[in-house]
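Note sheet for the following structure.
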Amino acid sequence: MDSLLKLMTLEEKVGQMNQYTGFWDATGPTPESGNQAVKYEHLKKGLVGSMLNVRGAKQVKALQKIAVEETRLGIPLIFGFDVIHGFKTISPIPLAESASWDLEAIKKSAQNAAEESAASGINWTFAPMVDISRDARWGRVMEGAGEDPYLGSKIAIARVKGFQGDDLSSPKTIAACAKHFAAYGFPNAGREYNTADIGTSTLYNLVFPPFKAATEADVKTFMNAFNLLNDIPATGNVFLQREVLKGEWNFNGFMVSDWGSIREMIPHGYAKNNKHAAELAIKAGSDMDMESNAYVTELANLVKEGTVKESLVDDAVRRILRVKFELGLFDDPYKYCNEETEKNVIGKKVFHEDALDIAKKSIVLLKNKNNLLPLKKQGQKIAVIGALANDKTSPLGNWVLAGENGSAVSVLEGLKQYKGNLITYAEGAKVALPNSKLHFTQELDINKTDKSGFSAAIKLARRSDVVVMVLGEHGLQSGEARSRTNIDLPGVQQELLEEVFKLNKNIVLVLTNGRPLAITWATENLPSIVETWQLGTQSGNAIAQVLYGDYNPSGKLPMTFPRSVGQVPIFYNYKNTGRPNIKVRKEVFKSRYIDEENTPLYPFGHGLSYTTFSYKNLKINKSSEKEINVTVDVSNTGKVKGKEVVQLYIQDKVASVARPVKELKGFEMIELAPKETKTIEFTLTEKELGFYTNNGAFIVEPGEFNVYVGGSSDTKLSSNFILD
């Protein structure tokens with residue numbers, strides 16, 4: 001790399017730091033004018049290092065051919081794409097996958113996405129998003145792993161290893177990107193791109209851990225964030241990028257800006273103009289400029305006038321070239337450009353089988369009073385109501401850039417594969433108005449007035465034994481720039497639900513959504529509620545298999561469900577106030593609401609099964625000064641085989657800084673036959689027992705610890721130990 005750097009002009013070095021988005025059809029005529037012509041000339045001069053949103057083996061090869069065969073040094077391009085939860089074959093949204101708590105299945109999902117996208121010319125994904133977030137109003141929670149840093153760290157590692165594999169030079173792997181560094185998941189009021197105003201303890205103990213875990217998994221790239229942190233844009237933040245990431249954590253990959261985030265430091269009021277923004281970004285540690293055109297137009301002059309040291313440019317270019325070498329692009333620039341491979345790999349049967357597997361594992365049974373579920377397979381009249389039940393695009397969720405609208409198996413299609421019951425469908429009410437454009441860049445028009453389908457739905461419910469109501473958010477109602485102030489059922493769906501309930505109480509509510517929803521009325525009135533999220537290509541098949549009991553649900557919530565939006569942000573690992581809300585009637589001066597409970601509707605880690613589990617014999621043994629062994633007996637007390645995610649939480653009762661009332665520090669998924677018992681063992685080490693101080697030091701303090709083990713964060717089974 002150093003020998004190559006010596007051959008490069010300053011302009012060519014800066015070119016490696018320049019990323020362009022989109023391109024003309026490189027297999028067709030050369031652009032003659034306009035923006036594409038400028039990009040083309042830059043490409044021929046070696047002033048482009050990476051491209052975004054170019055896909056297809058033929059198109060990628062045509063552009064790579066220009067870079068390799070027509071430029072002076074022939075440095076290959078890296079092609080990036082948002083492979084967030086699948087490429088053509090769409091897996092569940094990341095929040096849904098996180099509800100599986102199945103790290104191997106999550107890793108496999110990323111691995112399949114890597115192979116499929118690599119076959120189409122992609123060698124770099126802008127995933128995983130490892131932002132921890134506690135605010136369901138923020139639409140981008142669908143893209144992350146939820147509210148907990150321990151679970152989020154484990155999932156970050158699984159996704160990085162899934163994308164990158166054991167050999168990054170393999171034609172089936174792609175470089176991963178941990179994003180968004182940092183605190184993007186803590187926007188004020190849950191509003192997209194908003195300022196993050198958090199304390200140092202939150203930064204080190206909640207925000208940083210999944211990013212640090214990603215570096216330990218050898219993630220090759222990072223992406224910085226849009227938000228301010230301590231009044232400094234993350235893109236220009238020396239502390240985040242130079243001191244922590246590249247300093248303390250010794251990260252040797254490269255940092256890419258988010259879309260236009262270098263230029264956006266101007267409206268933040270932090271940079272005077274694009275030239276100033278380029279200076280701030282490179283000094284802070286942003287190695288590649290995505291779509292600000294700041295580096296390619298300003299950076300060389302900044303070096304020549306002495307404002308920016310060329311050594312900073314060399315460091316950035318060295319990092320970018322290293323990833324290209326590790327991908328094997330210098331050995332074979334066209335390794336991702338085989339059209340025959342693309343044809344054979346895209347949509348492989350095994351990808352669909354794996355997508356179905358993780359979709360089933362992602363479903364969470366929230367409530368099942370009187371065992372209305374699983375549905376009987378014979379002799380019932382089942383009404384299926386809700387526009388989302390017959391929707392083949394919404395189940396794909398957001399961030400489906402290479403997937404095709406209408407390619408998902410709908411809930412109705414999945415249910416109709418079971419032939420023993422009479423299944424009849426009524427739309428009830430549309431979620432999105434017919435004129436809505438179903439595209440990532442377009443905002444949906446939600447139906448807030450049209451109830452013309454209510455009558456048919458109510459009549460159908462009256463003559464049915466069971467009603468399966470499929471309600472929730474459209475797939476394009478969550479994701480980037482989809483913040484909501486109300487997180488209830490959108491439009492007229494709640495009214496439809498209540499009207500149907502008047503005629504038939506046997507309702508199974510199937511929720512399809514990209515974030516926790518406030519569904520207090522449904523919880524108080526309906527017998528069965530199933531959280532299915534947006535499950536991707538195999539959505540309807542997965543939901544049908546769970547509803548009919550061919551798959552026993554095992555998912556657990558990765559985010560807390562609030563009773564009302566007024567509780568948000570709400571999370572399990574809170575810290576006590578000096579006046580905790582002890583349940584004493586008419587106590588006024590406590591930390592509480594006067595019109596709502598403090599407790600959530602459904603806690604983090606919650607999820608039921610068609611069987612039941614009991615926890616007994618919690619024991620703690622100090623195996624050494626640095627290890628604590630915890631054992632517990634878990635039994636299947638029901639009548640069918642089932643899986644359970646056994647969760648361990650700790651509480652550091654007294655510390656030099658206040659600690660949460662509970663913190664997840666271990667989990668294990670087990671499968672038990674009826675009446676079977678297994679003894680589960682956890683080991684707590686300094687890594688689990690310590691925490692970060694406000695100056696970023698990791699410490700382990702002696703004192704008393706409580707240990708809780710159970711099937712959710714609300715578990716009461718506990719014991720304690722003293723750490724000397």
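Residues in the structure tokens are numbered from 1 in each chain, the chains being A, B, ... in the order shown, and ligands are numbered from 1 in the order shown.
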
Legend entry - Filtered DSSP result for stretch 520-689 of chain A, state strand (DSSP E or B), as a ChimeraX atom specification: /A:528-531,561,602,608,613-624,627-636,642-652,663-672,677-684

Inset, instruction - Write out as a ChimeraX atom specification each polymer residue whose atoms come within 7 Å of stretch 644-657 of chain A, counting only C-alpha atoms; drop sequence neighbours fewer than 5 positions from it. - result: /A:554,662-671,703-712

Legend entry - Close residues, A:Gln477 itself excluded, 9 Å, only C-alpha atoms, min 2 positions apart in chain, as a PyMOL selection string: chain A and resi 139+397-398+443-444+473-475+479+482-484+513-514

Output file for the residues above (C-alpha atoms, as a short mmCIF file (atom, residue, chain, number, x, y, z; two decimals), in the first residue's frame):
data_model
loop_
_atom_site.label_atom_id
_atom_site.label_comp_id
_atom_site.auth_asym_id
_atom_site.auth_seq_id
_atom_site.Cartn_x
_atom_site.Cartn_y
_atom_site.Cartn_z
CA GLY A 139 -38.65 5.06 12.91
CA GLY A 397 -40.49 -3.67 5.41
CA ASN A 398 -38.23 -0.72 4.71
CA GLU A 443 -44.04 9.34 2.28
CA LEU A 444 -47.23 7.29 2.48
CA GLU A 473 -47.91 -0.22 10.20
CA HIS A 474 -47.24 -0.42 6.51
CA GLY A 475 -43.66 -1.46 5.81
CA GLY A 479 -37.34 3.32 8.79
CA ARG A 482 -40.34 7.86 9.58
CA SER A 483 -40.67 9.28 13.09
CA ARG A 484 -44.15 9.24 14.64
CA ASN A 513 -44.99 -3.25 12.35
CA GLY A 514 -41.46 -1.93 12.47
#

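Residues lying within 9 Å of A:Gly379, counting only C-alpha atoms and ignoring same-chain neighbours fewer than 4 positions away, are Gly420, Asn421 and Leu422 of chain A.
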
Write a file of the just-selected residues containing all heavy atoms, as an mmCIF file, in the first residue's frame.
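Saved file out-v9.cif follows:
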data_model
loop_
_atom_site.group_PDB
_atom_site.id
_atom_site.type_symbol
_atom_site.label_atom_id
_atom_site.label_comp_id
_atom_site.auth_asym_id
_atom_site.auth_seq_id
_atom_site.Cartn_x
_atom_site.Cartn_y
_atom_site.Cartn_z
ATOM 1 N N GLY A 420 -57.987 -27.210 5.761
ATOM 2 C CA GLY A 420 -59.038 -27.795 6.583
ATOM 3 C C GLY A 420 -60.115 -26.841 7.054
ATOM 4 O O GLY A 420 -61.182 -27.271 7.510
ATOM 5 N N ASN A 421 -59.898 -25.533 6.961
ATOM 6 C CA ASN A 421 -60.863 -24.542 7.427
ATOM 7 C C ASN A 421 -61.389 -23.711 6.264
ATOM 8 O O ASN A 421 -60.768 -23.641 5.196
ATOM 9 C CB ASN A 421 -60.206 -23.604 8.445
ATOM 10 C CG ASN A 421 -59.860 -24.299 9.743
ATOM 11 O OD1 ASN A 421 -60.644 -25.090 10.256
ATOM 12 N ND2 ASN A 421 -58.668 -24.023 10.273
ATOM 13 N N LEU A 422 -62.524 -23.099 6.488
ATOM 14 C CA LEU A 422 -63.071 -22.148 5.518
ATOM 15 C C LEU A 422 -62.510 -20.772 5.849
ATOM 16 O O LEU A 422 -62.837 -20.187 6.886
ATOM 17 C CB LEU A 422 -64.598 -22.128 5.584
ATOM 18 C CG LEU A 422 -65.285 -21.082 4.681
ATOM 19 C CD1 LEU A 422 -64.985 -21.357 3.214
ATOM 20 C CD2 LEU A 422 -66.787 -21.046 4.949
#

Inset, instruction - Find the residues near A:Met288: any atom within 8 Å, counting only C-alpha atoms, skip ones fewer than 3 places away on the same chain, and give them as a list in words. - result: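 Using only C-alpha atoms, the neighbours found are Gln16, Met17, Asn18, Gln19, Phe254, Met255, Val256, Ser257 and Ala316 of chain A.
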